[in-house]
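Here is the structure we will look at, set down as structure tokens.
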Amino acid sequence: MKKWSTKSATFLFIVILLAINSGFLFSYYNFYLTDRITDDLSLAKEQNHENLYVIASSIEEKSLNESVEIIKKYIKNNGGYATLKTPEGDVIFSNKEKNSKLFSSMIMVEIGDKTYELYYSKIAITPGMNLVRNFMFYEIIFVSTIVIIVYFISSRRIIDPIETITKDINAYKFGKRPFKRKMPKKMQQIQNTFVDMVDSLELEKENQNQIIASISHDLKTPLTAVIGYADRLKKNDLSSEKKEKYLEKIYGKALMMKVILEEFDDYQSCNLKETLKLCKISVTELCETLKKDYEEDLLDKKINFSINFNCGNKFLIVDLVKIKRVFNNIITNSVNHFKGREGKIVINITFKNNILKVETADDGGGIKEEKNLKRIFEPFYTSDPSRKISGLGLSICKQIISSHNGVIYAENNKIGGLSIIFLLPIN
């Protein structure tokens, strides 16, 4: 069964109330109000006729002036409105400017030797006016009830959730994190989206704090060494050999700090798609470039390097400099894990469903704990506690591949090491 939305249910509720009210109005007017007005009107006319007969009997055989005085005296004592006029329409006397033909009664009277028209009306309010007033009072109560009901419904469904979301936003300014709540559907989506956004911001803040802490840590060690060697150089009793040695140490530490800062700059810029300088290159050309760049150098380090591919006729549209940086970081990471011993690095490139799969595998031992396979792409994460400088290489790889609309992940392979795999769309 389809579930009614709050908006639809509220609208239907109001329509039903209005329909009930319209039916009540129709019934009230046709079956009650019309009859009561007719009865009131008949009663008023009867009362008018009775008063007219009293006045008419009082002015029999009286002169016109005497008749007018009698009419005035009767009105003064009994109230009401009277008009005396000739059949031609000339008004002899009237205590009101206009006389309602609907609610006034008329009788022909003989005064002297002439016939006159005598009108009289004694109605405090229009017939049925009490009923109309009661009806208006009812309508005010009915409409007010509808307004109150709609207000409470909207307050519960709209106003209260908005106030809650506003309070959470203001509370977050002072460090109190919001949480997901059970609310009406649309408001719950807004609340949960806000909570997810806050979670993302907090995670990003934690990452930034981690990056800052890591850079501070990695810069502190070489900086301390630079300060120490510089302090020694202040001494006048140093030999030329020691001075030269200390200067070399200072220069080496300074280069290390430069590498750390350059790597951090690369990490910040690699995620920007606007910085990509795209070009078209075939898989064959890419493999030849990699072979030329690494085969000889790795051979000198006693590392066997090979590339396997079966899709040389496929073309990629990539930023070649940044893609080469990805391979450099992955291969460098593998070389560091060999720690001077012999090893093997194999690049396997395959194509399926418009996706190019590139796997760089080594036999350097891999990652012992599976849960750490995802973490190796986090900034500064390392499974090697003895590392001496920043670990941003694989994080930069992730940023570059993401900027090319690709994905990258790691897994332990069958040759006894780690495989870094990334997928790139051909188009």
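We name chains A, B, ... following the order of the structure tokens; residues begin at 1 in each chain, and ligands are numbered from 1 as shown.
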
Notebook entry, point to check: Near Ile408 (chain A), counting only C-alpha atoms, which residues have an atom at most 10 Å away, once you skip same-chain residues fewer than 2 positions from it, shown as number ranges by chain?
Noted result: A: 357-359, 374, 377, 394, 397-402, 406, 410, 420-424

Give me the residues near Val335 (chain A) as an mmCIF file with C-alpha atoms, in the first residue's frame, where near means some atom within 10 Å (using only C-alpha atoms) and where sequence neighbours in that chain fewer than 2 positions away do not count.
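Ended up saving to around04.cif:
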```
data_model
loop_
_atom_site.group_PDB
_atom_site.id
_atom_site.type_symbol
_atom_site.label_atom_id
_atom_site.label_comp_id
_atom_site.auth_asym_id
_atom_site.auth_seq_id
_atom_site.Cartn_x
_atom_site.Cartn_y
_atom_site.Cartn_z
ATOM 1 C CA LEU A 298 66.668 -1.274 -11.846
ATOM 2 C CA LYS A 301 70.121 -2.540 -8.420
ATOM 3 C CA ILE A 303 65.970 -5.895 -9.699
ATOM 4 C CA ASN A 329 56.219 6.517 -6.829
ATOM 5 C CA ILE A 330 55.003 2.921 -7.034
ATOM 6 C CA ILE A 331 58.330 1.580 -8.309
ATOM 7 C CA THR A 332 60.287 3.666 -5.759
ATOM 8 C CA ASN A 333 58.074 2.279 -3.001
ATOM 9 C CA HIS A 337 61.075 -2.418 0.458
ATOM 10 C CA PHE A 338 63.788 -4.571 -1.189
ATOM 11 C CA LYS A 339 66.364 -2.802 1.025
ATOM 12 C CA GLY A 340 69.252 -3.591 -1.315
ATOM 13 C CA ARG A 341 68.475 -7.232 -1.995
ATOM 14 C CA GLU A 342 67.531 -8.760 -5.332
ATOM 15 C CA GLY A 343 63.923 -8.524 -6.403
ATOM 16 C CA LYS A 344 61.381 -8.507 -9.170
ATOM 17 C CA ILE A 345 58.978 -5.826 -10.457
ATOM 18 C CA ASP A 362 56.778 -6.925 -6.733
ATOM 19 C CA GLY A 364 59.054 -7.576 -1.653
#
```

Notebook entry, point to check: Could you work out how far CA of Gly80 (chain A) lies from CA of Asn48 (chain A), giving the answer in Å with one decimal?
Noted result: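 Computed distance, CA of Asn48 (chain A) to CA of Gly80 (chain A), equals 9.3 Å.
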
Note to self: If you run DSSP on the backbone here, which positions in region 177-284 of chain A get helix (DSSP H, G or I)? Please write them as a PyMOL selection string.
What the structure shows: chain A and resi 185-233+240-269+273-275+283-284

Could you name the residues that touch Ser94 (chain A) at 9 Å or less, counting only C-alpha atoms, but leaving out those on the same chain fewer than 5 positions away, as a short mmCIF file (atom, residue, chain, number, x, y, z; two decimals) with N, CA, C and O atoms, in the first residue's frame?
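As written to disk, part-v5.cif reads:
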```
data_model
loop_
_atom_site.label_atom_id
_atom_site.label_comp_id
_atom_site.auth_asym_id
_atom_site.auth_seq_id
_atom_site.Cartn_x
_atom_site.Cartn_y
_atom_site.Cartn_z
N TYR A 81 -41.04 53.13 13.26
CA TYR A 81 -40.92 54.10 12.19
C TYR A 81 -42.24 54.16 11.43
O TYR A 81 -42.80 53.11 11.08
N ALA A 82 -42.71 55.40 11.16
CA ALA A 82 -43.99 55.57 10.47
C ALA A 82 -43.86 56.60 9.36
O ALA A 82 -43.07 57.54 9.46
N THR A 83 -44.64 56.39 8.33
CA THR A 83 -44.66 57.33 7.20
C THR A 83 -46.10 57.47 6.74
O THR A 83 -46.80 56.47 6.54
N LEU A 84 -46.52 58.73 6.57
CA LEU A 84 -47.86 59.03 6.09
C LEU A 84 -47.73 59.82 4.80
O LEU A 84 -47.06 60.86 4.78
N LYS A 85 -48.36 59.29 3.74
CA LYS A 85 -48.25 60.01 2.47
C LYS A 85 -49.50 59.78 1.62
O LYS A 85 -50.28 58.85 1.85
N ASN A 99 -38.00 54.07 4.01
CA ASN A 99 -38.78 53.02 4.65
C ASN A 99 -38.65 51.75 3.85
O ASN A 99 -38.93 51.74 2.65
#
```

Next item on the list: Write out as a PyMOL selection string which residues come within 7 Å of region 193-204 of chain A when counting only C-alpha atoms, dropping same-chain ones fewer than 2 positions away.
Entry: chain A and resi 178-180+189-191+206-208

Selection to disk with N, CA and C atoms, as a short mmCIF file (atom, residue, chain, number, x, y, z; two decimals), in the first residue's frame:
```
data_model
loop_
_atom_site.label_atom_id
_atom_site.label_comp_id
_atom_site.auth_asym_id
_atom_site.auth_seq_id
_atom_site.Cartn_x
_atom_site.Cartn_y
_atom_site.Cartn_z
N PRO A 178 26.69 17.38 15.46
CA PRO A 178 25.30 16.93 15.35
C PRO A 178 25.22 15.42 15.16
N PHE A 179 24.04 14.87 15.29
CA PHE A 179 23.84 13.44 15.06
C PHE A 179 22.54 13.25 14.28
N LYS A 180 22.41 12.10 13.67
CA LYS A 180 21.24 11.83 12.85
C LYS A 180 20.02 11.63 13.74
N GLN A 189 16.28 14.03 5.62
CA GLN A 189 17.31 14.05 4.58
C GLN A 189 18.24 15.24 4.77
N ILE A 190 17.65 16.41 5.08
CA ILE A 190 18.47 17.61 5.30
C ILE A 190 19.37 17.42 6.51
N GLN A 191 18.79 16.91 7.62
CA GLN A 191 19.57 16.69 8.84
C GLN A 191 20.70 15.70 8.60
N GLU A 206 40.88 16.09 10.62
CA GLU A 206 41.81 15.12 11.22
C GLU A 206 42.97 14.81 10.27
N ASN A 207 42.64 14.66 8.98
CA ASN A 207 43.70 14.41 7.99
C ASN A 207 44.67 15.58 7.91
N GLN A 208 44.12 16.78 7.94
CA GLN A 208 44.99 17.96 7.88
C GLN A 208 45.88 18.04 9.12
#
```

Note to self: If we count only C-alpha atoms and set the cut-off at 10 Å, which residues sit around region 246-253 of chain A, ignoring sequence neighbours fewer than 6 positions away in its own chain? Please answer as number ranges by chain.
What the structure shows: A: 219, 221-233, 240, 259
